>>> print(open('protein-v5.pdb').read())   # PDB, C-alpha atoms
ATOM      1  CA  MET A  40      11.600   6.562   1.022  1.00  0.00           C
ATOM      2  CA  SER A  41      13.911   4.833   3.469  1.00  0.00           C
ATOM      3  CA  SER A  42      15.034   6.465   6.692  1.00  0.00           C
ATOM      4  CA  ALA A  43      18.529   6.908   5.202  1.00  0.00           C
ATOM      5  CA  ASP A  44      17.022   8.842   2.276  1.00  0.00           C
ATOM      6  CA  ARG A  45      15.012  11.042   4.626  1.00  0.00           C
ATOM      7  CA  ALA A  46      18.151  12.051   6.505  1.00  0.00           C
ATOM      8  CA  ASP A  47      19.447  13.497   3.229  1.00  0.00           C
ATOM      9  CA  ALA A  48      16.154  15.308   2.483  1.00  0.00           C
ATOM     10  CA  PRO A  49      15.155  17.457   5.475  1.00  0.00           C
ATOM     11  CA  ILE A  50      12.405  19.123   3.454  1.00  0.00           C
ATOM     12  CA  TYR A  51      10.633  15.741   3.345  1.00  0.00           C
ATOM     13  CA  ASP A  52      10.349  15.706   7.146  1.00  0.00           C
ATOM     14  CA  GLY A  53       8.795  19.187   7.079  1.00  0.00           C
ATOM     15  CA  LEU A  54       6.269  18.134   4.461  1.00  0.00           C
ATOM     16  CA  VAL A  55       5.371  15.007   6.435  1.00  0.00           C
ATOM     17  CA  GLU A  56       4.775  17.159   9.506  1.00  0.00           C
ATOM     18  CA  GLU A  57       2.560  19.547   7.521  1.00  0.00           C
ATOM     19  CA  ARG A  58       0.716  17.154   5.218  1.00  0.00           C
ATOM     20  CA  GLY A  59       1.217  13.680   6.641  1.00  0.00           C
ATOM     21  CA  ASP A  60       3.124  10.812   5.067  1.00  0.00           C
ATOM     22  CA  VAL A  61       1.055  10.519   1.890  1.00  0.00           C
ATOM     23  CA  PRO A  62       3.099   7.698   0.260  1.00  0.00           C
ATOM     24  CA  ALA A  63       2.811   5.585   3.420  1.00  0.00           C
ATOM     25  CA  ASP A  64      -0.932   6.291   3.631  1.00  0.00           C
ATOM     26  CA  VAL A  65      -1.403   5.294  -0.016  1.00  0.00           C
ATOM     27  CA  ARG A  66       0.624   2.112   0.502  1.00  0.00           C
ATOM     28  CA  ARG A  67      -1.482   1.160   3.551  1.00  0.00           C
ATOM     29  CA  THR A  68      -4.734   1.854   1.708  1.00  0.00           C
ATOM     30  CA  ALA A  69      -3.614  -0.208  -1.300  1.00  0.00           C
ATOM     31  CA  GLU A  70      -2.618  -3.146   0.926  1.00  0.00           C
ATOM     32  CA  GLU A  71      -5.940  -2.998   2.799  1.00  0.00           C
ATOM     33  CA  THR A  72      -7.829  -2.851  -0.509  1.00  0.00           C
ATOM     34  CA  LEU A  73      -5.974  -5.876  -1.862  1.00  0.00           C
ATOM     35  CA  ARG A  74      -6.762  -7.853   1.306  1.00  0.00           C
ATOM     36  CA  GLU A  75     -10.432  -6.880   1.095  1.00  0.00           C
ATOM     37  CA  VAL A  76     -10.635  -7.794  -2.588  1.00  0.00           C
ATOM     38  CA  GLY A  77      -8.975 -11.121  -1.823  1.00  0.00           C
ATOM     39  CA  ARG A  78     -11.612 -11.859   0.822  1.00  0.00           C
ATOM     40  CA  THR A  79     -14.489 -10.675  -1.373  1.00  0.00           C
ATOM     41  CA  LEU A  80     -13.613 -12.235  -4.721  1.00  0.00           C
ATOM     42  CA  ASP A  81     -12.665 -15.864  -5.203  1.00  0.00           C
ATOM     43  CA  PHE A  82      -9.894 -16.221  -7.753  1.00  0.00           C
ATOM     44  CA  ASP A  83      -9.503 -19.968  -7.178  1.00  0.00           C
ATOM     45  CA  LEU A  84      -9.682 -20.938 -10.843  1.00  0.00           C
ATOM     46  CA  GLN A  85      -8.756 -24.571 -10.161  1.00  0.00           C
ATOM     47  CA  GLY A  86     -11.647 -24.942  -7.746  1.00  0.00           C
ATOM     48  CA  ALA A  87     -14.011 -23.513 -10.357  1.00  0.00           C
ATOM     49  CA  GLY A  88     -12.976 -26.135 -12.890  1.00  0.00           C
ATOM     50  CA  VAL A  89     -11.388 -23.576 -15.217  1.00  0.00           C
ATOM     51  CA  LEU A  90      -7.844 -24.958 -15.010  1.00  0.00           C
ATOM     52  CA  ARG A  91      -7.248 -28.673 -15.265  1.00  0.00           C
TER      53      ARG A  91
END
>>> encode(input="protein-v5.pdb", output="structure tokens")
Amino acid sequence: MSSADRADAPIYDGLVEERGDVPADVRRTAEETLREVGRTLDFDLQGAGVLR
């Protein structure tokens, strides 16, 4: 939700204060997971000789 959208939804600010910004937390966790998976698994198919 953008800051402009939040200005139109004051209840959202109250929920964020009570419960935290769950969508932002999920987004951060997903991005961290993708980075970790990228470091852990090698998807370089060309280097493995799969694609030529």
>>> atom_distance(input="protein-v5.pdb", atom1="atom CA of A:Pro62", atom2="atom CA of A:Arg74")
18.4 Å
>>> atom_distance(input="protein-v5.pdb", atom1="atom CA of A:Ala48", atom2="atom CA of A:Arg67")
22.6 Å
>>> atom_distance(input="protein-v5.pdb", atom1="atom CA of A:Val55", atom2="atom CA of A:Ala69")
19.3 Å
